[in-house]
Every structure is written in C-alpha cells, then in structure tokens.
file final_25.csv (CSV, C-alpha atoms)
chain,number,residue,atom,x,y,z
A,1220,MET,CA,0.0,0.0,0.0
A,1221,LYS,CA,2.8,2.4,0.8
A,1222,THR,CA,4.6,1.7,-2.5
A,1223,VAL,CA,1.4,2.4,-4.5
A,1224,PHE,CA,0.9,5.7,-2.6
A,1225,LEU,CA,4.6,6.6,-3.0
A,1226,SER,CA,4.7,5.8,-6.7
A,1227,SER,CA,1.4,7.7,-7.2
A,1228,PHE,CA,2.9,10.7,-5.4
A,1229,ILE,CA,6.1,10.6,-7.5
A,1230,VAL,CA,4.0,10.4,-10.7
A,1231,LEU,CA,2.0,13.4,-9.6
A,1232,LEU,CA,5.0,15.5,-8.7
A,1233,THR,CA,6.6,14.6,-12.0
A,1234,TRP,CA,3.5,15.6,-13.9
A,1235,LEU,CA,3.2,18.9,-12.0
A,1236,GLY,CA,6.9,19.7,-12.5
A,1237,TYR,CA,6.6,19.0,-16.2
A,1238,ASN,CA,3.5,21.2,-16.6
A,1239,THR,CA,5.1,24.0,-14.7
A,1240,CYS,CA,8.4,23.9,-16.6
A,1241,SER,CA,6.8,23.5,-20.0
A,1242,ALA,CA,4.5,26.5,-19.8
A,1243,GLN,CA,5.5,29.3,-22.2
A,1244,SER,CA,5.9,32.9,-21.2
A,1245,LEU,CA,6.6,36.2,-22.9
A,1246,TYR,CA,10.0,37.6,-22.0
A,1247,LEU,CA,10.5,41.4,-22.5
A,1248,THR,CA,14.2,42.3,-22.3
A,1249,ASP,CA,15.5,45.8,-22.0
A,1250,THR,CA,18.0,46.6,-24.8
A,1251,ILE,CA,20.2,48.8,-22.6
A,1252,ASN,CA,20.5,47.1,-19.2
A,1253,HIS,CA,19.3,43.6,-20.3
A,1254,LYS,CA,16.8,43.3,-17.5
A,1255,THR,CA,14.0,40.8,-18.3
A,1256,ARG,CA,10.4,40.9,-17.4
A,1257,GLU,CA,8.3,37.7,-17.6
A,1258,ILE,CA,4.6,37.8,-18.5
A,1259,LYS,CA,2.7,34.5,-18.2
A,1260,ALA,CA,-0.5,33.3,-19.8
A,1261,GLY,CA,-3.6,34.4,-17.9
A,1262,LYS,CA,-2.2,37.9,-17.2
A,1263,THR,CA,-3.9,41.0,-18.4
A,1264,ILE,CA,-1.9,43.5,-20.4
A,1265,HIS,CA,-2.5,46.5,-22.6
A,1266,LEU,CA,-1.1,46.3,-26.1
A,1267,LYS,CA,-0.9,48.4,-29.2
A,1268,THR,CA,-0.4,47.1,-32.7
A,1269,ALA,CA,0.2,49.0,-35.9
A,1270,ASP,CA,-3.6,48.8,-36.6
A,1271,MET,CA,-4.6,50.3,-33.2
A,1272,GLU,CA,-4.6,53.9,-32.3
A,1273,ASN,CA,-4.9,53.4,-28.5
A,1274,PHE,CA,-3.9,50.7,-26.1
A,1275,GLU,CA,-6.3,47.7,-26.0
A,1276,LYS,CA,-6.9,45.7,-22.8
A,1277,ALA,CA,-6.1,42.0,-23.5
A,1278,LYS,CA,-5.9,38.9,-21.4
A,1279,ILE,CA,-3.2,36.5,-22.6
A,1280,GLN,CA,-4.9,33.1,-23.2
A,1281,SER,CA,-1.9,31.2,-24.6
A,1282,PHE,CA,1.2,31.4,-26.8
A,1283,ASN,CA,1.3,29.9,-30.3
A,1284,GLY,CA,4.8,29.8,-31.8
A,1285,GLN,CA,5.7,33.4,-32.3
A,1286,SER,CA,2.3,34.8,-31.7
A,1287,ILE,CA,0.1,35.6,-28.6
A,1288,VAL,CA,-3.5,34.4,-28.4
A,1289,VAL,CA,-5.5,37.0,-26.4
A,1290,ILE,CA,-9.0,37.7,-25.4
A,1291,LEU,CA,-10.1,41.3,-25.8
A,1292,PRO,CA,-12.7,41.9,-23.0
A,1293,ASN,CA,-13.6,45.4,-24.2
A,1294,GLU,CA,-15.2,44.0,-27.3
A,1295,ASP,CA,-18.9,43.0,-27.1
A,1296,ASP,CA,-18.4,39.3,-27.4
A,1297,GLY,CA,-14.9,39.0,-25.9
A,1298,THR,CA,-13.1,38.5,-29.2
A,1299,VAL,CA,-10.3,36.0,-29.3
A,1300,MET,CA,-7.4,37.1,-31.5
A,1301,GLU,CA,-4.0,35.7,-32.4
A,1302,ILE,CA,-1.5,38.5,-32.7
A,1303,PRO,CA,1.9,37.9,-34.2
A,1304,LEU,CA,4.7,39.2,-31.9
A,1305,THR,CA,6.2,41.2,-34.8
A,1306,SER,CA,3.0,43.3,-35.2
A,1307,ILE,CA,3.0,44.5,-31.5
A,1308,ILE,CA,4.4,48.0,-31.1
A,1309,GLU,CA,4.0,48.6,-27.4
A,1310,ILE,CA,3.0,46.6,-24.3
A,1311,SER,CA,1.9,48.2,-21.1
A,1312,LYS,CA,1.5,46.2,-17.8
A,1313,ILE,CA,-0.7,47.7,-15.1
A,1314,THR,CA,0.3,46.4,-11.7
A,1315,CYS,CA,-1.9,45.8,-8.6
A,1316,LEU,CA,-0.3,48.9,-7.1
A,1317,HIS,CA,-1.7,51.1,-9.9
A,1318,LYS,CA,-5.2,49.6,-9.6
A,1319,THR,CA,-5.2,50.0,-5.8
A,1320,SER,CA,-3.9,53.6,-5.8
A,1321,GLN,CA,-6.4,54.6,-8.4
A,1322,ALA,CA,-9.3,53.1,-6.3
A,1323,ILE,CA,-8.0,55.0,-3.2
A,1324,GLY,CA,-7.6,58.1,-5.4
A,1325,ALA,CA,-11.2,57.9,-6.6
A,1326,ALA,CA,-12.5,57.7,-3.0
A,1327,CYS,CA,-10.3,60.7,-2.1
A,1328,MET,CA,-11.6,62.7,-5.0
A,1329,VAL,CA,-15.3,62.0,-4.0
A,1330,VAL,CA,-14.7,62.9,-0.4
A,1331,GLY,CA,-12.6,65.9,-1.2
A,1332,ALA,CA,-15.2,67.2,-3.7
A,1333,TYR,CA,-18.0,66.7,-1.1
A,1334,ILE,CA,-16.0,68.6,1.6
A,1335,LEU,CA,-15.0,71.3,-0.8
A,1336,PHE,CA,-18.5,72.0,-2.1
A,1337,ASN,CA,-20.3,71.6,1.3
A,1338,SER,CA,-17.7,73.6,3.3
A,1339,GLY,CA,-20.3,76.3,4.1
A,1340,GLY,CA,-22.6,73.7,5.7
A,1341,LEU,CA,-19.8,72.0,7.6
A,1342,ALA,CA,-18.5,75.2,9.1
A,1343,GLY,CA,-19.0,75.7,12.8
A,1344,ASP,CA,-20.8,78.5,14.7
A,1345,ASP,CA,-18.1,81.0,13.9
A,1346,GLY,CA,-18.7,80.5,10.1
A,1347,SER,CA,-15.1,79.9,9.1
A,1348,SER,CA,-15.1,77.5,6.2
A,1349,GLY,CA,-11.5,78.0,5.2
A,1350,PRO,CA,-10.1,74.9,6.8
A,1351,TYR,CA,-12.8,72.8,5.1
A,1352,ILE,CA,-12.1,74.3,1.7
A,1353,ALA,CA,-8.4,73.7,2.1
A,1354,GLY,CA,-8.9,70.1,3.3
A,1355,GLY,CA,-11.3,69.4,0.5
A,1356,ALA,CA,-8.9,70.8,-2.1
A,1357,VAL,CA,-6.0,68.8,-0.7
A,1358,LEU,CA,-8.0,65.6,-0.8
A,1359,LEU,CA,-9.2,66.3,-4.3
A,1360,ALA,CA,-5.7,67.0,-5.5
A,1361,ALA,CA,-4.3,63.9,-3.7
A,1362,GLY,CA,-7.0,61.8,-5.4
A,1363,VAL,CA,-5.9,63.0,-8.9
A,1364,VAL,CA,-2.2,62.0,-8.4
A,1365,PRO,CA,-2.5,58.2,-9.0
A,1366,TYR,CA,-4.1,58.9,-12.3
A,1367,LEU,CA,-1.1,61.0,-13.4
A,1368,ILE,CA,1.3,58.1,-12.8
A,1369,LYS,CA,1.5,56.0,-15.9
A,1370,PRO,CA,2.4,52.3,-15.9
A,1371,LYS,CA,5.6,51.0,-17.4
A,1372,THR,CA,5.5,50.8,-21.2
A,1373,TYR,CA,7.6,48.4,-23.2
A,1374,GLN,CA,8.3,49.7,-26.8
A,1375,LEU,CA,9.1,46.6,-28.8
A,1376,GLY,CA,12.0,47.1,-31.3
A,1377,LYS,CA,13.1,50.3,-29.6
A,1378,THR,CA,13.6,49.9,-25.9
A,1379,HIS,CA,12.7,46.2,-25.5
A,1380,THR,CA,12.9,43.0,-27.3
A,1381,ALA,CA,10.2,40.3,-27.0
A,1382,VAL,CA,10.7,36.5,-27.0
A,1383,ILE,CA,8.3,33.6,-26.3
A,1384,LYS,CA,10.0,30.8,-24.5

call {"tool": "encode", "arguments": {"input": "final_25.csv", "output": "structure tokens"}}
result
Amino acid sequence: MKTVFLSSFIVLLTWLGYNTCSAQSLYLTDTINHKTREIKAGKTIHLKTADMENFEKAKIQSFNGQSIVVILPNEDDGTVMEIPLTSIIEISKITCLHKTSQAIGAACMVVGAYILFNSGGLAGDDGSSGPYIAGGAVLLAAGVVPYLIKPKTYQLGKTHTAVIK
C-alpha cells in the first residue's frame, strides 16, 4: 500500500513539474541594461499594434509559436485574437499597485469634492469654512495624483525585445 501511494505521489510530482516547466511565457528584455520581465499566460496586459490607435486591454490566453492568443474583453463578445509578436508595437503592464492607488484616489476625490462644495454647511458657529475648503482641495488633489502616474510601457523594437520561450 505504501509503495502504491509513494509511486502515485512521484508520478503526480513529475506531472506537476513538467507542466510548470513546459509553460510558455513572454519575456521582455531591456536593450540597454538587459533586465528581463516575464509575462505568463492568464495575465492582463494593454497592447498596441500598428492597426490600433490606442492601447487595448487584452488577457493572454496562450502562446502559439511566435504569436500571442489574447481575449479582448472590451469587445462585445470577448473577441479571441491571435496577434503575431512582430506586429505588436507597445505593451503596457498595469500592476496591482496602480489599480489600488487609483481606487483609493477615486475615493479621495469623491470625499474631497464633497467637503469642498459643502464647506459652508460644515463650518461651525463661527462661520469659518477656510479649513474645510483647504482640506477638500488637498483631498481632491491627492486623489488625482494616482491617475497622473503612468504604468511601465515596453516599446518593442526600440527599448525592449520580446521573445516567447
């Protein structure tokens, strides 16, 4: 019984190890300092091809030779496209930090705008609304800052090279 369990466990570990090692990824290498960034299947990126004017949000489904199979969730039906690596001009990867800071920034803007526009009603008996106006303006300005910070952009062929391994 122990040998059956042990051999089953070894087969399971071998299978998991093979699947982990055989998974393909997109590697973006900086042409100047040669730092590499790995993007795996299942991750969401923003990409721009020669046909696109703006970045398109895309979820990487798989890799097929020298092309990327992506799902474009912004389309009505969630279009699946196979995009050759040579036609991609730029890739932008938004991190969890960007999303979190933008969510906090949105809340700060709402609270700051509320305080700013209702400063007269929030003022005490002495009628001084100056601190409320200043506090609301500071919160509103602090909420805008995360939207001004742009995520890292990888320009393929100029600043970075892309390889699927």

call {"tool": "atom_distance", "arguments": {"input": "final_25.csv", "atom1": "atom CA of Gly1261 of chain A", "atom2": "atom CA of Lys1278 of chain A"}}
result
6.1 Å

call {"tool": "residues_near_point", "arguments": {"input": "final_25.csv", "point": "(16.7, 42.9, -26.8)", "cutoff": "6 Å", "atoms": "only C-alpha atoms", "output": "VMD selection string"}}
result
chain A and resid 1248 to 1250 1379 to 1380

call {"tool": "residues_around", "arguments": {"input": "final_25.csv", "residues": "Leu1359 of chain A", "least_positions_apart": "5", "cutoff": "9 Å", "atoms": "all atoms listed in the file", "output": "VMD selection string"}}
result
chain A and resid 1324 to 1325 1327 to 1332 1335 1354

call {"tool": "closest_residue", "arguments": {"input": "final_25.csv", "among": "A:Thr1372, A:Ala1277, A:Ile1264, A:Gly1340", "to": "Ile1290 of chain A", "atoms": "only C-alpha atoms"}}
result
A:Ala1277

call {"tool": "atom_distance", "arguments": {"input": "final_25.csv", "atom1": "atom CA of Ser1311 of chain A", "atom2": "atom CA of Asn1283 of chain A"}}
result
20.5 Å

call {"tool": "atom_distance", "arguments": {"input": "final_25.csv", "atom1": "atom CA of Ala1322 of chain A", "atom2": "atom CA of Val1363 of chain A"}}
result
10.8 Å

call {"tool": "residues_around", "arguments": {"input": "final_25.csv", "residues": "Ile1308 of chain A", "least_positions_apart": "5", "cutoff": "10 Å", "atoms": "all atoms listed in the file", "output": "ChimeraX atom specification"}}
result
/A:1266-1271,1373-1377

call {"tool": "closest_residue", "arguments": {"input": "final_25.csv", "among": "A:Cys1315, A:Ile1368, A:Ala1360, A:Leu1304", "to": "Thr1263 of chain A", "atoms": "all atoms listed in the file"}}
result
A:Cys1315

call {"tool": "residues_around", "arguments": {"input": "final_25.csv", "residues": "Gly1349 of chain A", "least_positions_apart": "3", "cutoff": "8 Å", "atoms": "all atoms listed in the file", "output": "number ranges by chain"}}
result
A: 1338, 1352-1353
